[in-house]
2 protein chains.
Amino acid sequence: MIDPSKAILFSFFQKHGLLATSVIEEALPCFEEKELYKHSFLLREGSVSNEYMILETGFLRAFTHDTEGADVTTNFYGPGGLVLEPASFFHRTPSRENIQALTDSRGWVITFEKLNMLFHAHPAFREFGRSVLVKGFAALKERMLFMINEKAEQRYLLLLQNNPDIFQQAPLKHIATYLGITDTSLSRIRKEVAKK
Amino acid sequence: MIDPSKAILFSFFQKHGLLATSVIEEALPCFEEKELYKHSFLLREGSVSNEYMILETGFLRAFTHDTEGADVTTNFYGPGGLVLEPASFFHRTPSRENIQALTDSRGWVITFEKLNMLFHAHPAFREFGRSVLVKGFAALKERMLFMINEKAEQRYLLLLQNNPDIFQQAPLKHIATYLGITDTSLSRIRKEVAKK
DNA sequence: ATTATTACTTGCCAATTGGTAAGTATTGCC
DNA sequence: GGCAATACTTACCAATTGGCAAGTAATAAT
């Protein structure tokens, strides 16, 4: 029987199309509920991530600091998404990134140890894990090209189109650094766009 | 016994520190030699990658096309490195990238099928495979921040410092797109730097 | 060797983005 | 409700980068 409170978790596993229901049912009990209040951290730079989290409600932001110490947003996470810093979690090394709740949030977490157990027990689960990583990799490449090829205004418009929820949840200054521009420039761009 | 011609391949596996010599010895025979003449392609956009390649000699370049159809360099590969487009190789989907030889090159390749066999046979090999992916992921994140945080001149200087070999092997126009600037700008930057 | 192609540089000017600082609006807190 | 902190906008000017076009240098092809 599937715990109905874990419906989102179930669909996270199901949507990739690699796992049989029986395997998913075995995985679900390994996840525990986790609450994050607004402004609290899931991960702090310098510490080792021990949480592979599927977000159920709320919104998170990942950020790091540049050479001058300024805050730079590296990612946003919304409901149904995977919240993970792969390098720290899988390599057990201190993270360079912070992951912080933008709003009160809740989700499901599994530890490195338990996740590894699942990987070793089920070949299909390993395929699943790899697939998730590879997709993240591909998404990051997309973002890279997006930053290189598109001008700031275009980046803004595409983010607005593809992730309108980010604009509901995050302050513009965080969105600006995610887009690779200053908050001043973002403000100007918004004004330009509004004219049209 | 280890085939002495595969010494580079051996050290590729060894340097990550996750594989016992006995496991590596089992993997080596699964790799075949591959020659690439200058200008020939290891992977073409639209086709599915079937090669996980460790480069022995030569230099390769990965590139794709932006929205206007212009050529954009996404990566360079030198001796001892892994040449891989993870999304196409692992997901068996058409690649958006090309990988082309900048010089006559030679290396060792394994197919998706054989690599998977090794993964299933040895837990340590799976860890190794995951570790390689995660490192690639982390490197790409680095590059992303590098593009967001550093100005073009700084990006040029750091690439020159960390990968001087690229400047020996690739034309400046390819390096320019890799740095996210035009060849004109790169030329100007080089002039500025030379002054100092 | 000559020619054609490609690589690279330079100068000019335009477009994009950043930095600073001030002002307004909004939000959170007591 | 009132105050303080934070978020956002705007205006000014400076710095960075791009686009075009012409020129030179180097490389490849015949």
# chains A, B, ... in the order shown; residues from 1 in each chain; ligands from 1

$ residues_around --residues "A:Thr177" --least-positions-apart "5" --cutoff "8 Å" --atoms "only C-alpha atoms (C1' of nucleotides)" --output "ChimeraX atom specification"
/A:71-73,182-183

$ interface_residues --of "chain C" --to "chain B" --cutoff "12 Å" --atoms "only C-alpha atoms (C1' of nucleotides)" --output "list in words"
DT6, DA7, DC8, DT9, DT10, DG11, DT17 and DG18 of chain C

$ write_last_selection --atoms "N, CA and C atoms (P, O5', C5', C4', C3', O3' and C1' of nucleotides)" --output "PDB file, in the first residue's frame"
ATOM      1  P    DT C   6      37.346  28.710 -46.294  1.00  0.00           P
ATOM      2  O5'  DT C   6      38.238  29.043 -45.018  1.00  0.00           O
ATOM      3  C5'  DT C   6      39.356  28.195 -44.715  1.00  0.00           C
ATOM      4  C4'  DT C   6      40.242  28.908 -43.731  1.00  0.00           C
ATOM      5  C3'  DT C   6      39.501  29.489 -42.524  1.00  0.00           C
ATOM      6  O3'  DT C   6      40.012  28.842 -41.379  1.00  0.00           O
ATOM      7  C1'  DT C   6      41.061  31.034 -43.419  1.00  0.00           C
ATOM      8  P    DA C   7      39.608  29.330 -39.896  1.00  0.00           P
ATOM      9  O5'  DA C   7      40.803  30.346 -39.603  1.00  0.00           O
ATOM     10  C5'  DA C   7      42.109  29.840 -39.371  1.00  0.00           C
ATOM     11  C4'  DA C   7      42.996  30.973 -38.910  1.00  0.00           C
ATOM     12  C3'  DA C   7      42.529  31.639 -37.617  1.00  0.00           C
ATOM     13  O3'  DA C   7      43.634  31.685 -36.736  1.00  0.00           O
ATOM     14  C1'  DA C   7      42.866  33.268 -39.303  1.00  0.00           C
ATOM     15  P    DC C   8      43.383  32.117 -35.193  1.00  0.00           P
ATOM     16  O5'  DC C   8      43.639  33.683 -35.211  1.00  0.00           O
ATOM     17  C5'  DC C   8      44.953  34.146 -35.547  1.00  0.00           C
ATOM     18  C4'  DC C   8      44.876  35.619 -35.840  1.00  0.00           C
ATOM     19  C3'  DC C   8      44.329  36.497 -34.708  1.00  0.00           C
ATOM     20  O3'  DC C   8      45.430  37.089 -34.043  1.00  0.00           O
ATOM     21  C1'  DC C   8      43.719  37.242 -36.906  1.00  0.00           C
ATOM     22  P    DT C   9      45.162  38.194 -32.899  1.00  0.00           P
ATOM     23  O5'  DT C   9      45.068  39.545 -33.745  1.00  0.00           O
ATOM     24  C5'  DT C   9      46.167  39.923 -34.556  1.00  0.00           C
ATOM     25  C4'  DT C   9      45.881  41.268 -35.196  1.00  0.00           C
ATOM     26  C3'  DT C   9      45.527  42.385 -34.213  1.00  0.00           C
ATOM     27  O3'  DT C   9      46.443  43.433 -34.439  1.00  0.00           O
ATOM     28  C1'  DT C   9      43.970  42.305 -36.011  1.00  0.00           C
ATOM     29  P    DT C  10      46.605  44.618 -33.382  1.00  0.00           P
ATOM     30  O5'  DT C  10      45.686  45.772 -33.978  1.00  0.00           O
ATOM     31  C5'  DT C  10      45.894  46.197 -35.318  1.00  0.00           C
ATOM     32  C4'  DT C  10      44.743  47.062 -35.785  1.00  0.00           C
ATOM     33  C3'  DT C  10      44.219  48.073 -34.763  1.00  0.00           C
ATOM     34  O3'  DT C  10      44.611  49.356 -35.192  1.00  0.00           O
ATOM     35  C1'  DT C  10      42.461  47.019 -35.998  1.00  0.00           C
ATOM     36  P    DG C  11      44.367  50.659 -34.342  1.00  0.00           P
ATOM     37  O5'  DG C  11      43.036  51.222 -35.006  1.00  0.00           O
ATOM     38  C5'  DG C  11      42.965  51.394 -36.419  1.00  0.00           C
ATOM     39  C4'  DG C  11      41.611  51.948 -36.809  1.00  0.00           C
ATOM     40  C3'  DG C  11      41.027  52.972 -35.835  1.00  0.00           C
ATOM     41  O3'  DG C  11      40.415  54.025 -36.573  1.00  0.00           O
ATOM     42  C1'  DG C  11      39.512  51.170 -36.084  1.00  0.00           C
ATOM     43  P    DT C  17      22.381  43.063 -22.178  1.00  0.00           P
ATOM     44  O5'  DT C  17      23.225  43.673 -20.972  1.00  0.00           O
ATOM     45  C5'  DT C  17      24.597  43.275 -20.820  1.00  0.00           C
ATOM     46  C4'  DT C  17      25.261  44.123 -19.780  1.00  0.00           C
ATOM     47  C3'  DT C  17      24.556  44.150 -18.411  1.00  0.00           C
ATOM     48  O3'  DT C  17      25.400  43.489 -17.478  1.00  0.00           O
ATOM     49  C1'  DT C  17      25.349  46.305 -19.071  1.00  0.00           C
ATOM     50  P    DG C  18      25.151  43.656 -15.908  1.00  0.00           P
ATOM     51  O5'  DG C  18      26.089  44.901 -15.554  1.00  0.00           O
ATOM     52  C5'  DG C  18      27.490  44.794 -15.803  1.00  0.00           C
ATOM     53  C4'  DG C  18      28.232  45.903 -15.083  1.00  0.00           C
ATOM     54  C3'  DG C  18      27.934  46.028 -13.597  1.00  0.00           C
ATOM     55  O3'  DG C  18      29.146  46.323 -12.915  1.00  0.00           O
ATOM     56  C1'  DG C  18      27.369  48.058 -14.678  1.00  0.00           C
TER      57       DG C  18
END

$ closest_atom_pairs --of "chain D" --to "chain B" --cutoff "9 Å" --atoms "only C-alpha atoms (C1' of nucleotides)" --output "JSON lines"
{"residue": "D:DT16", "atom": "C1'", "partner": "B:Lys151", "partner_atom": "CA", "distance": 8.4}
{"residue": "D:DT17", "atom": "C1'", "partner": "B:Ser185", "partner_atom": "CA", "distance": 6.9}
{"residue": "D:DG18", "atom": "C1'", "partner": "B:Thr182", "partner_atom": "CA", "distance": 7.4}

$ write_last_selection --atoms "C-alpha atoms (C1' of nucleotides)" --output "PDB file, in the first residue's frame"
ATOM      1  C1'  DT D  16      32.421  46.445 -21.464  1.00  0.00           C
ATOM      2  C1'  DT D  17      31.353  44.128 -25.446  1.00  0.00           C
ATOM      3  C1'  DG D  18      29.475  43.691 -30.215  1.00  0.00           C
TER       4       DG D  18
END

$ interface_residues --of "chain B" --to "chain A" --cutoff "9 Å" --atoms "only C-alpha atoms" --output "ChimeraX atom specification"
/B:66-67,72,74,86-87,90-91,120,123,126,130-131,133-138,140-141,143-150,177-181

$ write_last_selection --atoms "N, CA and C atoms" --output "CSV table (one decimal), in the first residue's frame"
chain,number,residue,atom,x,y,z
B,66,ASP,N,24.0,28.1,-32.1
B,66,ASP,CA,23.0,29.0,-31.3
B,66,ASP,C,21.8,29.2,-32.2
B,67,THR,N,20.9,30.1,-31.7
B,67,THR,CA,19.6,30.3,-32.3
B,67,THR,C,19.8,30.9,-33.7
B,72,VAL,N,29.2,27.5,-31.7
B,72,VAL,CA,29.6,27.9,-30.3
B,72,VAL,C,30.3,26.7,-29.7
B,74,THR,N,31.6,24.4,-26.9
B,74,THR,CA,31.2,24.0,-25.6
B,74,THR,C,32.3,23.4,-24.7
B,86,PRO,N,27.2,13.2,-22.1
B,86,PRO,CA,26.5,12.3,-21.2
B,86,PRO,C,25.0,12.1,-21.7
B,87,ALA,N,24.3,13.2,-22.0
B,87,ALA,CA,22.9,13.1,-22.3
B,87,ALA,C,22.7,12.1,-23.5
B,90,PHE,N,24.1,8.3,-22.5
B,90,PHE,CA,23.4,7.5,-21.5
B,90,PHE,C,21.9,7.4,-21.8
B,91,HIS,N,21.4,8.4,-22.4
B,91,HIS,CA,19.9,8.4,-22.6
B,91,HIS,C,19.6,7.9,-24.0
B,120,HIS,N,27.2,-3.2,-14.1
B,120,HIS,CA,26.4,-4.2,-13.4
B,120,HIS,C,27.2,-5.2,-12.7
B,123,PRO,N,30.2,-3.2,-8.2
B,123,PRO,CA,29.7,-2.1,-7.5
B,123,PRO,C,30.8,-0.9,-7.5
B,126,ARG,N,30.5,1.0,-10.6
B,126,ARG,CA,29.4,2.0,-10.6
B,126,ARG,C,29.7,3.2,-9.8
B,130,ARG,N,29.7,6.9,-11.4
B,130,ARG,CA,28.9,8.0,-10.8
B,130,ARG,C,29.9,9.2,-10.5
B,131,SER,N,31.0,8.8,-9.9
B,131,SER,CA,32.0,9.9,-9.5
B,131,SER,C,32.4,10.7,-10.7
B,133,LEU,N,30.7,11.3,-13.4
B,133,LEU,CA,29.6,12.1,-13.8
B,133,LEU,C,29.5,13.3,-12.9
B,134,VAL,N,29.6,13.1,-11.6
B,134,VAL,CA,29.4,14.1,-10.6
B,134,VAL,C,30.5,15.1,-10.7
B,135,LYS,N,31.7,14.7,-11.0
B,135,LYS,CA,32.8,15.6,-11.2
B,135,LYS,C,32.6,16.5,-12.4
B,136,GLY,N,32.1,15.9,-13.5
B,136,GLY,CA,31.7,16.6,-14.7
B,136,GLY,C,30.7,17.7,-14.4
B,137,PHE,N,29.7,17.3,-13.6
B,137,PHE,CA,28.7,18.2,-13.2
B,137,PHE,C,29.3,19.4,-12.4
B,138,ALA,N,30.1,19.1,-11.5
B,138,ALA,CA,30.7,20.2,-10.7
B,138,ALA,C,31.6,21.1,-11.5
B,140,LEU,N,31.1,21.8,-14.6
B,140,LEU,CA,30.2,22.6,-15.4
B,140,LEU,C,29.6,23.8,-14.6
B,141,LYS,N,29.3,23.5,-13.3
B,141,LYS,CA,28.9,24.5,-12.4
B,141,LYS,C,29.9,25.6,-12.2
B,143,ARG,N,32.2,26.4,-14.3
B,143,ARG,CA,32.3,27.2,-15.6
B,143,ARG,C,31.1,28.2,-15.7
B,144,MET,N,29.9,27.7,-15.2
B,144,MET,CA,28.8,28.6,-15.2
B,144,MET,C,29.0,29.9,-14.4
B,145,LEU,N,29.5,29.7,-13.2
B,145,LEU,CA,29.8,30.8,-12.3
B,145,LEU,C,30.9,31.7,-12.8
B,146,PHE,N,31.9,31.0,-13.4
B,146,PHE,CA,33.0,31.7,-14.1
B,146,PHE,C,32.4,32.7,-15.1
B,147,MET,N,31.5,32.2,-15.9
B,147,MET,CA,30.9,33.0,-17.0
B,147,MET,C,30.1,34.2,-16.4
B,148,ILE,N,29.4,33.9,-15.3
B,148,ILE,CA,28.5,34.9,-14.7
B,148,ILE,C,29.4,36.0,-13.9
B,149,ASN,N,30.4,35.5,-13.2
B,149,ASN,CA,31.1,36.4,-12.3
B,149,ASN,C,32.3,37.1,-12.8
B,150,GLU,N,32.9,36.5,-13.8
B,150,GLU,CA,34.1,37.1,-14.3
B,150,GLU,C,33.9,37.9,-15.6
B,177,THR,N,34.4,31.8,-28.7
B,177,THR,CA,33.0,31.4,-28.4
B,177,THR,C,32.9,30.6,-27.2
B,178,TYR,N,34.0,29.8,-26.9
B,178,TYR,CA,34.0,29.1,-25.6
B,178,TYR,C,34.0,30.1,-24.4
B,179,LEU,N,34.7,31.2,-24.6
B,179,LEU,CA,34.7,32.3,-23.5
B,179,LEU,C,33.5,33.1,-23.6
B,180,GLY,N,32.6,32.9,-24.5
B,180,GLY,CA,31.4,33.7,-24.6
B,180,GLY,C,31.5,35.1,-25.2
B,181,ILE,N,32.5,35.3,-26.0
B,181,ILE,CA,32.7,36.6,-26.6
B,181,ILE,C,33.0,36.4,-28.1

$ select_by_dssp --residues "chain A" --states "strand (DSSP E or B)" --output "VMD selection string"
chain A and resid 32 to 36 41 to 43 48 52 to 57 60 to 65 71 to 77 82 to 83 94 98 to 101 105 to 110

$ atom_distance --atom1 "atom CA of A:Ser105" --atom2 "atom CA of A:Pro164"
18.5 Å

$ residues_around --residues "C:DC29" --least-positions-apart "4" --cutoff "10 Å" --atoms "only C-alpha atoms (C1' of nucleotides)" --output "list in words"
DC3, DA4 and DA5 of chain D

$ decode --residues "chain D" --atoms "C-alpha atoms (C1' of nucleotides)" --output "PDB file, in the first residue's frame"
ATOM      1  C1'  DG D   1      -0.262  52.333  13.541  1.00  0.00           C
ATOM      2  C1'  DG D   2       4.323  53.745  13.120  1.00  0.00           C
ATOM      3  C1'  DC D   3       9.222  52.757  12.316  1.00  0.00           C
ATOM      4  C1'  DA D   4      12.876  50.368  10.248  1.00  0.00           C
ATOM      5  C1'  DA D   5      14.538  47.470   7.013  1.00  0.00           C
ATOM      6  C1'  DT D   6      14.279  45.684   2.582  1.00  0.00           C
ATOM      7  C1'  DA D   7      12.812  45.742  -2.192  1.00  0.00           C
ATOM      8  C1'  DC D   8      12.414  48.048  -6.309  1.00  0.00           C
ATOM      9  C1'  DT D   9      12.870  51.929  -9.642  1.00  0.00           C
ATOM     10  C1'  DT D  10      15.047  55.709 -11.941  1.00  0.00           C
ATOM     11  C1'  DA D  11      18.623  58.818 -13.686  1.00  0.00           C
ATOM     12  C1'  DC D  12      23.112  59.725 -14.661  1.00  0.00           C
ATOM     13  C1'  DC D  13      27.459  58.395 -16.691  1.00  0.00           C
ATOM     14  C1'  DA D  14      31.272  54.897 -17.307  1.00  0.00           C
ATOM     15  C1'  DA D  15      32.947  50.464 -18.733  1.00  0.00           C
ATOM     16  C1'  DT D  16      32.421  46.445 -21.464  1.00  0.00           C
ATOM     17  C1'  DT D  17      31.353  44.128 -25.446  1.00  0.00           C
ATOM     18  C1'  DG D  18      29.475  43.691 -30.215  1.00  0.00           C
ATOM     19  C1'  DG D  19      29.024  44.628 -35.374  1.00  0.00           C
ATOM     20  C1'  DC D  20      30.928  45.900 -39.495  1.00  0.00           C
ATOM     21  C1'  DA D  21      34.452  46.533 -42.674  1.00  0.00           C
ATOM     22  C1'  DA D  22      39.060  46.774 -44.111  1.00  0.00           C
ATOM     23  C1'  DG D  23      43.523  45.177 -43.784  1.00  0.00           C
ATOM     24  C1'  DT D  24      47.437  41.941 -42.925  1.00  0.00           C
ATOM     25  C1'  DA D  25      49.236  37.401 -41.955  1.00  0.00           C
ATOM     26  C1'  DA D  26      49.238  32.641 -42.173  1.00  0.00           C
ATOM     27  C1'  DT D  27      47.729  28.261 -44.070  1.00  0.00           C
ATOM     28  C1'  DA D  28      45.939  25.147 -47.419  1.00  0.00           C
ATOM     29  C1'  DA D  29      44.898  23.846 -52.162  1.00  0.00           C
ATOM     30  C1'  DT D  30      46.038  23.419 -57.018  1.00  0.00           C
TER      31       DT D  30
END
